[in-house]
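> My structure is in input_28.pdb, and what it holds is PDB, C-alpha atoms, pLDDT in the B column:
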ATOM      1  CA  ASN A 906      46.737 -39.365 -10.580  1.00 61.00           C
ATOM      2  CA  ALA A 907      46.160 -37.800 -14.009  1.00 76.00           C
ATOM      3  CA  GLY A 908      42.389 -37.222 -13.681  1.00 94.00           C
ATOM      4  CA  VAL A 909      40.997 -36.115 -17.041  1.00 97.00           C
ATOM      5  CA  THR A 910      43.403 -35.762 -19.948  1.00 96.00           C
ATOM      6  CA  GLN A 911      42.609 -34.223 -23.324  1.00 97.00           C
ATOM      7  CA  THR A 912      44.627 -34.475 -26.517  1.00 97.00           C
ATOM      8  CA  PRO A 913      45.573 -32.511 -28.479  1.00 97.00           C
ATOM      9  CA  LYS A 914      45.703 -29.248 -26.537  1.00 95.00           C
ATOM     10  CA  PHE A 915      45.967 -27.081 -29.627  1.00 96.00           C
ATOM     11  CA  ARG A 916      45.001 -27.658 -33.228  1.00 97.00           C
ATOM     12  CA  VAL A 917      44.550 -25.554 -36.331  1.00 97.00           C
ATOM     13  CA  LEU A 918      42.358 -26.945 -39.091  1.00 96.00           C
ATOM     14  CA  LYS A 919      41.277 -25.780 -42.498  1.00 97.00           C
ATOM     15  CA  THR A 920      37.585 -25.675 -43.335  1.00 97.00           C
ATOM     16  CA  GLY A 921      36.405 -29.117 -44.350  1.00 97.00           C
ATOM     17  CA  GLN A 922      39.127 -31.074 -42.577  1.00 97.00           C
ATOM     18  CA  SER A 923      38.271 -33.673 -39.990  1.00 96.00           C
ATOM     19  CA  MET A 924      39.767 -34.390 -36.603  1.00 96.00           C
ATOM     20  CA  THR A 925      39.195 -36.247 -33.367  1.00 98.00           C
ATOM     21  CA  LEU A 926      39.669 -35.014 -29.817  1.00 98.00           C
ATOM     22  CA  LEU A 927      40.459 -37.669 -27.264  1.00 97.00           C
ATOM     23  CA  CYS A 928      39.435 -37.547 -23.636  1.00 98.00           C
ATOM     24  CA  ALA A 929      40.705 -40.070 -21.137  1.00 98.00           C
ATOM     25  CA  GLN A 930      39.841 -40.368 -17.446  1.00 97.00           C
ATOM     26  CA  ASP A 931      41.386 -42.633 -14.857  1.00 96.00           C
ATOM     27  CA  MET A 932      38.794 -42.245 -12.097  1.00 96.00           C
ATOM     28  CA  ASN A 933      36.463 -45.018 -13.277  1.00 96.00           C
ATOM     29  CA  HIS A 934      33.669 -42.487 -13.772  1.00 96.00           C
ATOM     30  CA  GLU A 935      30.486 -43.558 -15.529  1.00 96.00           C
ATOM     31  CA  TYR A 936      29.579 -40.162 -16.940  1.00 96.00           C
ATOM     32  CA  MET A 937      31.577 -38.181 -19.460  1.00 97.00           C
ATOM     33  CA  TYR A 938      30.888 -34.914 -21.269  1.00 97.00           C
ATOM     34  CA  TRP A 939      32.122 -32.694 -24.059  1.00 98.00           C
ATOM     35  CA  TYR A 940      31.574 -28.949 -23.724  1.00 97.00           C
ATOM     36  CA  ARG A 941      32.572 -25.993 -25.830  1.00 97.00           C
ATOM     37  CA  GLN A 942      33.401 -22.620 -24.351  1.00 94.00           C
ATOM     38  CA  ASP A 943      32.992 -19.458 -26.383  1.00 93.00           C
ATOM     39  CA  PRO A 944      33.559 -15.883 -25.189  1.00 87.00           C
ATOM     40  CA  GLY A 945      30.552 -14.504 -23.346  1.00 84.00           C
ATOM     41  CA  MET A 946      28.589 -17.749 -23.620  1.00 87.00           C
ATOM     42  CA  GLY A 947      29.827 -19.969 -20.842  1.00 86.00           C
ATOM     43  CA  LEU A 948      29.977 -23.718 -21.350  1.00 93.00           C
ATOM     44  CA  ARG A 949      27.585 -25.434 -23.725  1.00 95.00           C
ATOM     45  CA  LEU A 950      27.114 -29.175 -23.720  1.00 96.00           C
ATOM     46  CA  ILE A 951      27.837 -30.875 -27.049  1.00 97.00           C
ATOM     47  CA  HIS A 952      27.373 -34.575 -26.258  1.00 97.00           C
ATOM     48  CA  TYR A 953      27.530 -36.701 -23.180  1.00 96.00           C
ATOM     49  CA  SER A 954      27.687 -40.329 -22.145  1.00 96.00           C
ATOM     50  CA  VAL A 955      26.133 -42.085 -19.176  1.00 95.00           C
ATOM     51  CA  GLY A 956      28.182 -45.219 -19.585  1.00 94.00           C
ATOM     52  CA  GLU A 957      30.315 -47.309 -21.887  1.00 95.00           C
ATOM     53  CA  GLY A 958      28.670 -47.750 -25.257  1.00 94.00           C
ATOM     54  CA  THR A 959      26.084 -44.992 -24.734  1.00 95.00           C
ATOM     55  CA  THR A 960      26.000 -41.398 -25.958  1.00 96.00           C
ATOM     56  CA  ALA A 961      23.423 -38.628 -26.007  1.00 95.00           C
ATOM     57  CA  LYS A 962      23.038 -35.211 -27.602  1.00 96.00           C
ATOM     58  CA  GLY A 963      23.501 -32.092 -25.595  1.00 94.00           C
ATOM     59  CA  GLU A 964      22.627 -28.496 -26.314  1.00 92.00           C
ATOM     60  CA  VAL A 965      24.782 -27.990 -29.446  1.00 96.00           C
ATOM     61  CA  PRO A 966      25.412 -31.388 -31.096  1.00 97.00           C
ATOM     62  CA  ASP A 967      25.297 -30.423 -34.779  1.00 96.00           C
ATOM     63  CA  GLY A 968      28.546 -30.975 -36.650  1.00 96.00           C
ATOM     64  CA  TYR A 969      29.977 -33.280 -33.985  1.00 98.00           C
ATOM     65  CA  ASN A 970      29.983 -37.004 -33.360  1.00 97.00           C
ATOM     66  CA  VAL A 971      31.133 -38.948 -30.311  1.00 98.00           C
ATOM     67  CA  SER A 972      31.974 -42.472 -29.292  1.00 97.00           C
ATOM     68  CA  ARG A 973      32.475 -44.206 -25.951  1.00 97.00           C
ATOM     69  CA  LEU A 974      33.825 -47.622 -26.824  1.00 95.00           C
ATOM     70  CA  LYS A 975      35.770 -47.889 -23.583  1.00 96.00           C
ATOM     71  CA  LYS A 976      34.653 -46.598 -20.208  1.00 96.00           C
ATOM     72  CA  GLN A 977      37.740 -44.474 -19.747  1.00 97.00           C
ATOM     73  CA  ASN A 978      37.694 -42.791 -23.181  1.00 97.00           C
ATOM     74  CA  PHE A 979      35.293 -40.357 -24.822  1.00 98.00           C
ATOM     75  CA  LEU A 980      36.091 -39.228 -28.359  1.00 98.00           C
ATOM     76  CA  LEU A 981      34.749 -36.094 -30.043  1.00 98.00           C
ATOM     77  CA  GLY A 982      34.881 -35.989 -33.820  1.00 98.00           C
ATOM     78  CA  LEU A 983      34.476 -33.195 -36.307  1.00 96.00           C
ATOM     79  CA  GLU A 984      33.771 -34.682 -39.720  1.00 92.00           C
ATOM     80  CA  SER A 985      33.991 -31.469 -41.732  1.00 96.00           C
ATOM     81  CA  ALA A 986      35.270 -28.565 -39.681  1.00 96.00           C
ATOM     82  CA  ALA A 987      33.711 -25.122 -40.042  1.00 97.00           C
ATOM     83  CA  PRO A 988      34.943 -21.730 -38.760  1.00 97.00           C
ATOM     84  CA  SER A 989      31.963 -21.702 -36.367  1.00 97.00           C
ATOM     85  CA  GLN A 990      33.589 -24.623 -34.564  1.00 97.00           C
ATOM     86  CA  THR A 991      36.542 -22.492 -33.533  1.00 98.00           C
ATOM     87  CA  SER A 992      36.341 -22.767 -29.766  1.00 97.00           C
ATOM     88  CA  VAL A 993      37.880 -24.180 -26.628  1.00 96.00           C
ATOM     89  CA  TYR A 994      36.657 -27.705 -25.969  1.00 98.00           C
ATOM     90  CA  PHE A 995      36.476 -29.172 -22.493  1.00 97.00           C
ATOM     91  CA  CYS A 996      35.991 -32.763 -21.532  1.00 98.00           C
ATOM     92  CA  ALA A 997      34.664 -33.659 -18.104  1.00 97.00           C
ATOM     93  CA  SER A 998      33.726 -36.735 -16.160  1.00 97.00           C
ATOM     94  CA  SER A 999      31.682 -37.488 -13.056  1.00 95.00           C
ATOM     95  CA  ARG A1000      30.855 -40.419 -10.836  1.00 93.00           C
ATOM     96  CA  GLY A1001      27.156 -39.576 -10.804  1.00 89.00           C
ATOM     97  CA  ARG A1002      24.829 -37.297 -12.682  1.00 90.00           C
ATOM     98  CA  ALA A1003      26.112 -33.802 -13.483  1.00 88.00           C
ATOM     99  CA  ASN A1004      23.189 -32.048 -11.804  1.00 87.00           C
ATOM    100  CA  THR A1005      23.860 -33.647  -8.422  1.00 87.00           C
ATOM    101  CA  GLY A1006      27.601 -34.176  -8.262  1.00 84.00           C
ATOM    102  CA  GLU A1007      30.992 -32.823  -9.122  1.00 92.00           C
ATOM    103  CA  LEU A1008      32.429 -32.610 -12.601  1.00 95.00           C
ATOM    104  CA  PHE A1009      36.146 -33.142 -13.130  1.00 96.00           C
ATOM    105  CA  PHE A1010      37.495 -31.287 -16.132  1.00 97.00           C
ATOM    106  CA  GLY A1011      40.384 -31.640 -18.511  1.00 96.00           C
ATOM    107  CA  GLU A1012      42.650 -28.708 -19.338  1.00 93.00           C
ATOM    108  CA  GLY A1013      40.864 -27.871 -22.561  1.00 95.00           C
ATOM    109  CA  SER A1014      41.669 -28.134 -26.261  1.00 97.00           C
ATOM    110  CA  ARG A1015      41.868 -24.955 -28.301  1.00 96.00           C
ATOM    111  CA  LEU A1016      40.693 -25.509 -31.869  1.00 97.00           C
ATOM    112  CA  THR A1017      40.972 -22.938 -34.636  1.00 97.00           C
ATOM    113  CA  VAL A1018      39.271 -23.529 -37.972  1.00 97.00           C
ATOM    114  CA  LEU A1019      40.480 -21.310 -40.795  1.00 96.00           C
TER     115      LEU A1019
ATOM    116  CA  ALA B 698      14.019 -22.527 -21.366  1.00 79.00           C
ATOM    117  CA  GLN B 699      16.000 -22.402 -18.189  1.00 84.00           C
ATOM    118  CA  SER B 700      18.878 -19.969 -17.920  1.00 91.00           C
ATOM    119  CA  VAL B 701      21.639 -18.786 -15.629  1.00 95.00           C
ATOM    120  CA  SER B 702      22.765 -15.168 -15.709  1.00 96.00           C
ATOM    121  CA  GLN B 703      26.022 -13.726 -14.488  1.00 96.00           C
ATOM    122  CA  HIS B 704      25.682 -10.000 -14.895  1.00 86.00           C
ATOM    123  CA  ASN B 705      29.296  -8.969 -14.398  1.00 89.00           C
ATOM    124  CA  HIS B 706      31.562 -10.321 -17.118  1.00 92.00           C
ATOM    125  CA  HIS B 707      34.687  -8.598 -15.795  1.00 95.00           C
ATOM    126  CA  VAL B 708      35.463  -7.510 -12.256  1.00 97.00           C
ATOM    127  CA  ILE B 709      38.675  -5.824 -11.108  1.00 97.00           C
ATOM    128  CA  LEU B 710      39.418  -5.493  -7.401  1.00 97.00           C
ATOM    129  CA  SER B 711      42.353  -4.659  -5.215  1.00 97.00           C
ATOM    130  CA  GLU B 712      43.712  -7.149  -2.717  1.00 96.00           C
ATOM    131  CA  ALA B 713      41.802  -7.235   0.575  1.00 96.00           C
ATOM    132  CA  ALA B 714      38.620  -5.917  -1.044  1.00 97.00           C
ATOM    133  CA  SER B 715      35.388  -7.788  -0.495  1.00 97.00           C
ATOM    134  CA  LEU B 716      33.948  -9.757  -3.376  1.00 97.00           C
ATOM    135  CA  GLU B 717      30.414 -10.494  -4.476  1.00 97.00           C
ATOM    136  CA  LEU B 718      29.722 -12.079  -7.861  1.00 97.00           C
ATOM    137  CA  GLY B 719      26.120 -12.243  -8.951  1.00 97.00           C
ATOM    138  CA  CYS B 720      24.290 -15.290 -10.249  1.00 97.00           C
ATOM    139  CA  ASN B 721      20.598 -15.434 -11.061  1.00 97.00           C
ATOM    140  CA  TYR B 722      18.747 -18.471 -12.344  1.00 95.00           C
ATOM    141  CA  SER B 723      15.402 -18.942 -13.988  1.00 91.00           C
ATOM    142  CA  TYR B 724      12.518 -20.489 -12.134  1.00 83.00           C
ATOM    143  CA  GLY B 725      11.787 -24.150 -12.614  1.00 79.00           C
ATOM    144  CA  GLY B 726      12.636 -27.561 -11.282  1.00 80.00           C
ATOM    145  CA  THR B 727      14.971 -28.667  -8.572  1.00 83.00           C
ATOM    146  CA  VAL B 728      17.338 -25.999  -7.360  1.00 89.00           C
ATOM    147  CA  ASN B 729      20.791 -27.536  -7.492  1.00 93.00           C
ATOM    148  CA  LEU B 730      23.333 -24.730  -7.806  1.00 96.00           C
ATOM    149  CA  PHE B 731      27.070 -24.717  -8.306  1.00 97.00           C
ATOM    150  CA  TRP B 732      30.028 -22.379  -8.540  1.00 97.00           C
ATOM    151  CA  TYR B 733      33.057 -23.548 -10.489  1.00 97.00           C
ATOM    152  CA  VAL B 734      36.366 -21.717 -10.871  1.00 97.00           C
ATOM    153  CA  GLN B 735      39.079 -21.806 -13.499  1.00 94.00           C
ATOM    154  CA  TYR B 736      42.440 -20.439 -12.361  1.00 95.00           C
ATOM    155  CA  PRO B 737      44.840 -19.376 -15.127  1.00 93.00           C
ATOM    156  CA  GLY B 738      46.300 -22.441 -16.779  1.00 89.00           C
ATOM    157  CA  GLN B 739      44.349 -24.854 -14.602  1.00 90.00           C
ATOM    158  CA  HIS B 740      41.312 -27.102 -14.845  1.00 91.00           C
ATOM    159  CA  LEU B 741      37.830 -25.954 -14.007  1.00 94.00           C
ATOM    160  CA  GLN B 742      37.109 -27.085 -10.462  1.00 95.00           C
ATOM    161  CA  LEU B 743      34.194 -27.067  -8.083  1.00 95.00           C
ATOM    162  CA  LEU B 744      34.138 -24.242  -5.517  1.00 96.00           C
ATOM    163  CA  LEU B 745      30.880 -25.072  -3.782  1.00 96.00           C
ATOM    164  CA  LYS B 746      27.384 -26.407  -4.338  1.00 95.00           C
ATOM    165  CA  TYR B 747      23.917 -26.048  -2.880  1.00 95.00           C
ATOM    166  CA  PHE B 748      21.149 -28.627  -2.971  1.00 93.00           C
ATOM    167  CA  SER B 749      19.067 -27.884   0.108  1.00 91.00           C
ATOM    168  CA  GLY B 750      19.282 -26.904   3.778  1.00 93.00           C
ATOM    169  CA  ASP B 751      21.314 -23.981   5.103  1.00 95.00           C
ATOM    170  CA  PRO B 752      21.173 -21.312   2.403  1.00 95.00           C
ATOM    171  CA  LEU B 753      24.666 -20.116   3.282  1.00 97.00           C
ATOM    172  CA  VAL B 754      27.112 -22.547   1.726  1.00 96.00           C
ATOM    173  CA  LYS B 755      30.827 -22.584   2.449  1.00 96.00           C
ATOM    174  CA  GLY B 756      33.288 -23.764  -0.157  1.00 94.00           C
ATOM    175  CA  ILE B 757      37.001 -24.069  -0.645  1.00 93.00           C
ATOM    176  CA  LYS B 758      39.534 -21.248  -0.310  1.00 93.00           C
ATOM    177  CA  GLY B 759      37.319 -19.086   1.907  1.00 95.00           C
ATOM    178  CA  PHE B 760      34.494 -18.677  -0.584  1.00 97.00           C
ATOM    179  CA  GLU B 761      30.835 -18.830   0.352  1.00 97.00           C
ATOM    180  CA  ALA B 762      27.549 -18.399  -1.469  1.00 98.00           C
ATOM    181  CA  GLU B 763      24.074 -17.479  -0.342  1.00 97.00           C
ATOM    182  CA  PHE B 764      20.958 -18.990  -1.852  1.00 96.00           C
ATOM    183  CA  ILE B 765      18.079 -16.503  -1.810  1.00 95.00           C
ATOM    184  CA  LYS B 766      14.981 -18.244  -3.098  1.00 93.00           C
ATOM    185  CA  SER B 767      12.863 -15.107  -3.375  1.00 93.00           C
ATOM    186  CA  LYS B 768      15.457 -13.446  -5.579  1.00 94.00           C
ATOM    187  CA  PHE B 769      16.392 -16.546  -7.611  1.00 95.00           C
ATOM    188  CA  SER B 770      19.987 -15.737  -6.732  1.00 96.00           C
ATOM    189  CA  PHE B 771      23.083 -17.632  -5.661  1.00 97.00           C
ATOM    190  CA  ASN B 772      25.766 -14.981  -5.248  1.00 97.00           C
ATOM    191  CA  LEU B 773      29.372 -15.866  -4.522  1.00 98.00           C
ATOM    192  CA  ARG B 774      31.188 -13.960  -1.800  1.00 97.00           C
ATOM    193  CA  LYS B 775      34.579 -13.650  -0.179  1.00 97.00           C
ATOM    194  CA  PRO B 776      35.320 -11.143   2.588  1.00 96.00           C
ATOM    195  CA  SER B 777      38.891 -10.378   1.541  1.00 97.00           C
ATOM    196  CA  VAL B 778      40.312 -11.359  -1.834  1.00 97.00           C
ATOM    197  CA  GLN B 779      43.890 -12.243  -2.627  1.00 96.00           C
ATOM    198  CA  TRP B 780      45.896 -11.938  -5.813  1.00 96.00           C
ATOM    199  CA  SER B 781      45.643 -15.723  -6.169  1.00 96.00           C
ATOM    200  CA  ASP B 782      41.851 -15.420  -6.556  1.00 97.00           C
ATOM    201  CA  THR B 783      42.368 -14.098 -10.077  1.00 98.00           C
ATOM    202  CA  ALA B 784      40.340 -16.543 -12.156  1.00 97.00           C
ATOM    203  CA  GLU B 785      37.162 -17.031 -14.140  1.00 96.00           C
ATOM    204  CA  TYR B 786      34.114 -17.999 -12.091  1.00 97.00           C
ATOM    205  CA  PHE B 787      31.131 -19.891 -13.459  1.00 97.00           C
ATOM    206  CA  CYS B 788      27.719 -20.360 -11.924  1.00 97.00           C
ATOM    207  CA  ALA B 789      25.666 -23.386 -12.976  1.00 96.00           C
ATOM    208  CA  LYS B 790      22.256 -24.882 -12.278  1.00 95.00           C
ATOM    209  CA  GLY B 791      21.232 -28.512 -12.476  1.00 92.00           C
ATOM    210  CA  MET B 792      18.421 -29.447 -14.829  1.00 88.00           C
ATOM    211  CA  ASP B 793      15.864 -32.148 -14.126  1.00 82.00           C
ATOM    212  CA  SER B 794      15.108 -32.839 -17.798  1.00 80.00           C
ATOM    213  CA  ASN B 795      18.405 -34.483 -18.704  1.00 80.00           C
ATOM    214  CA  TYR B 796      20.331 -34.342 -15.411  1.00 84.00           C
ATOM    215  CA  GLN B 797      22.818 -31.888 -16.934  1.00 90.00           C
ATOM    216  CA  LEU B 798      23.995 -28.404 -16.016  1.00 93.00           C
ATOM    217  CA  ILE B 799      23.171 -25.081 -17.542  1.00 93.00           C
ATOM    218  CA  TRP B 800      25.984 -22.582 -17.204  1.00 95.00           C
ATOM    219  CA  GLY B 801      26.311 -18.858 -16.821  1.00 96.00           C
ATOM    220  CA  ALA B 802      28.612 -16.928 -19.158  1.00 95.00           C
ATOM    221  CA  GLY B 803      31.286 -16.602 -16.499  1.00 96.00           C
ATOM    222  CA  THR B 804      32.890 -13.685 -14.666  1.00 97.00           C
ATOM    223  CA  LYS B 805      36.558 -12.905 -15.106  1.00 96.00           C
ATOM    224  CA  LEU B 806      37.968 -11.636 -11.832  1.00 97.00           C
ATOM    225  CA  ILE B 807      41.267  -9.777 -11.749  1.00 97.00           C
ATOM    226  CA  ILE B 808      42.848  -8.955  -8.416  1.00 97.00           C
ATOM    227  CA  LYS B 809      45.392  -6.165  -8.464  1.00 94.00           C
ATOM    228  CA  PRO B 810      48.277  -6.755  -6.041  1.00 85.00           C
TER     229      PRO B 810
END
Represent the structure contained in this file as structure tokens.

Amino acid sequence: NAGVTQTPKFRVLKTGQSMTLLCAQDMNHEYMYWYRQDPGMGLRLIHYSVGEGTTAKGEVPDGYNVSRLKKQNFLLGLESAAPSQTSVYFCASSRGRANTGELFFGEGSRLTVL
Amino acid sequence: AQSVSQHNHHVILSEAASLELGCNYSYGGTVNLFWYVQYPGQHLQLLLKYFSGDPLVKGIKGFEAEFIKSKFSFNLRKPSVQWSDTAEYFCAKGMDSNYQLIWGAGTKLIIKP
């Protein structure tokens, strides 16, 4: 059972380039999330989805877009990467709401923007 | 705005020492509290959670946490740590406004063998 899988795991971009991070879960979870983790700041929610076809902004959504066309996939896009987006990105999923259940995380994707 | 504070960013202990990691949360809303752990090279995973009832919560791998309402605290404890407890520990609080979590900055724990 793979759980939550993120690709790619590492990526280096130049300022202004675009890229997409893919998150896939095989647990049939309704809820999916994208977080970023920066030193000394914990996890900050970028965008989340409460079901197929729906997305919502989190705490730090600027510069990112997301799509949830299929229940099992949640894509995070950077249209024009900036050095401030250098971070480790985590995808997570849950059966129910995050504030009352358990989140299942991917391994993380380390992004460096030069 | 609600917040979660983890005061110790780095903790170094020897094996068999007792552990207490601090977590304080800001007042407001339902008190749903969590501790997650990230072992080196592994996924973040849930250690334990508190929603209501007995304020002493037991989790996996011998960890426990105590909810103290008067102190707005939810400290993580383990009587005797092992080298395998080396990890980063995150405290989180559920928010009523959007049903999400707000996270502490994390505490990196290193256990010396």
> Excluding Asn729 of chain B and any residue of its chain fewer than 5 positions from it, enumerate the residues within 12 Å of it, using only C-alpha atoms, and give them as number ranges by chain.
A: 1002-1007; B: 701, 722, 724, 745-750, 752, 764, 766, 769-771, 788-793, 796-799
> Enumerate, in order of chain and increasing residue number, the residues of chain A with an atom no farther than 6 Å from chain B, each with its shortest atom pair and distance in Å to one decimal, counting all atoms listed in the file, as a Markdown table.

| residue | atom | partner | partner_atom | distance |
| --- | --- | --- | --- | --- |
| A:Gly945 | CA | B:Ala802 | CA | 5.2 |
| A:Met946 | CA | B:Ala802 | CA | 4.5 |
| A:Gly947 | CA | B:Ala802 | CA | 3.7 |
| A:Leu948 | CA | B:Trp800 | CA | 5.9 |
| A:Ala1003 | CA | B:Gln797 | CA | 5.1 |
| A:Asn1004 | CA | B:Gly791 | CA | 4.1 |
| A:Phe1010 | CA | B:Leu741 | CA | 5.8 |
| A:Gly1011 | CA | B:His740 | CA | 5.9 |
| A:Glu1012 | CA | B:His740 | CA | 5.0 |
> With distances taken over only C-alpha atoms, which residue among A:His952, A:Lys975, A:Thr1017, A:Tyr994 lies nearest Gln922 of chain A?
A:Thr1017
> Hey, which of B:Ser794, B:Ser715, B:Ser700, B:Asn721 ends up closest to Asp782 of chain B? Count all atoms listed in the file.
B:Ser715
> Env of Ser985 of chain A: 12 Å cut, atoms = only C-alpha atoms, seq-sep filter 3 positions within chain, self excluded. Answer as a PyMOL selection string.
chain A and resi 918-925+967-970+982+988-990+1018
> Report, in Å to a single decimal, how far apart atom CA of Tyr938 of chain A and atom CA of Thr959 of chain A are.
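Those two atoms sit 11.7 Å apart.
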> Please determine, counting only C-alpha atoms, which residue among B:Ala698, B:Leu753, B:Val778, B:Val734 has the shortest atom-to-atom distance to Glu964 of chain A.
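Checking each of B:Ala698, B:Leu753, B:Val778, B:Val734 against Glu964 of chain A, counting only C-alpha atoms, the winner is B:Ala698.
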> Counting all atoms listed in the file, write as a PyMOL selection string all protein and nucleic acid residues lying at most 6 Å from (39.5, -27.5, -33.0) in the file's frame.
chain A and resi 916+991+1015-1017
> Choose the residue, out of B:Leu773, B:Ile765, B:Ile807, B:Ala784, that has the smallest atom-to-atom separation from Ile709 of chain B; count all atoms listed in the file.
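When distances to Ile709 of chain B are compared using all atoms listed in the file, the smallest one comes from B:Ile807.
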> List, as a list in words, every residue that the PyMOL selection byres ((chain B and resi 714) around 12) selects in the file provided.
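When the PyMOL selection byres ((chain B and resi 714) around 12) is applied, the selected residues are Val708, Ile709, Leu710, Ser711, Glu712, Ala713, Ser715, Leu716, Glu717, Arg774, Lys775, Pro776, Ser777, Val778, Gln779, Trp780, Asp782, Ile807, Ile808, Lys809 and Pro810 of chain B.
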> For this file, the PyMOL selection byres ((chain A and resi 950) around 7) selects which residues, as JSON, numbers by chain?
{"A": [939, 940, 941, 948, 949, 951, 952, 963, 964, 965]}
> Just the residues within 9 Å of Leu927 of chain A, please, counting all atoms listed in the file, with nothing from its chain fewer than 4 positions along; format it as a list in words.
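Everything that qualifies: Thr910, Gln911, Thr912, Pro913, Asn978, Phe979, Leu980, Leu981, Gly982 and Cys996 of chain A.
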> Go ahead and dump the residues you just picked, C-alpha atoms, as a PDB file, keeping the file's coordinate frame.

ATOM      1  CA  THR A 910      43.403 -35.762 -19.948  1.00 96.00           C
ATOM      2  CA  GLN A 911      42.609 -34.223 -23.324  1.00 97.00           C
ATOM      3  CA  THR A 912      44.627 -34.475 -26.517  1.00 97.00           C
ATOM      4  CA  PRO A 913      45.573 -32.511 -28.479  1.00 97.00           C
ATOM      5  CA  ASN A 978      37.694 -42.791 -23.181  1.00 97.00           C
ATOM      6  CA  PHE A 979      35.293 -40.357 -24.822  1.00 98.00           C
ATOM      7  CA  LEU A 980      36.091 -39.228 -28.359  1.00 98.00           C
ATOM      8  CA  LEU A 981      34.749 -36.094 -30.043  1.00 98.00           C
ATOM      9  CA  GLY A 982      34.881 -35.989 -33.820  1.00 98.00           C
ATOM     10  CA  CYS A 996      35.991 -32.763 -21.532  1.00 98.00           C
TER      11      CYS A 996
END
> Counting only C-alpha atoms, which residues have an atom no more than 10 Å from (29.5, -49.4, -30.0) in the file's coordinates? Please list them as number ranges by chain.
A: 957-960, 972-975
> Just to confirm, what's the straight-line distance from atom CA of Glu984 of chain A to atom CA of Tyr953 of chain A in Å (one decimal)?
17.8 Å
> Measure the distance from atom CA of Val754 of chain B to atom CA of Leu718 of chain B in Å and round it to one decimal.
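Between atom CA of Val754 of chain B and atom CA of Leu718 of chain B the gap works out to 14.4 Å.
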> I'd like to know which of A:Ser999, A:Ser954, A:Val917, A:Ala961 is closest to Asn933 of chain A, using all atoms listed in the file.
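The closest residue to Asn933 of chain A is A:Ser999.
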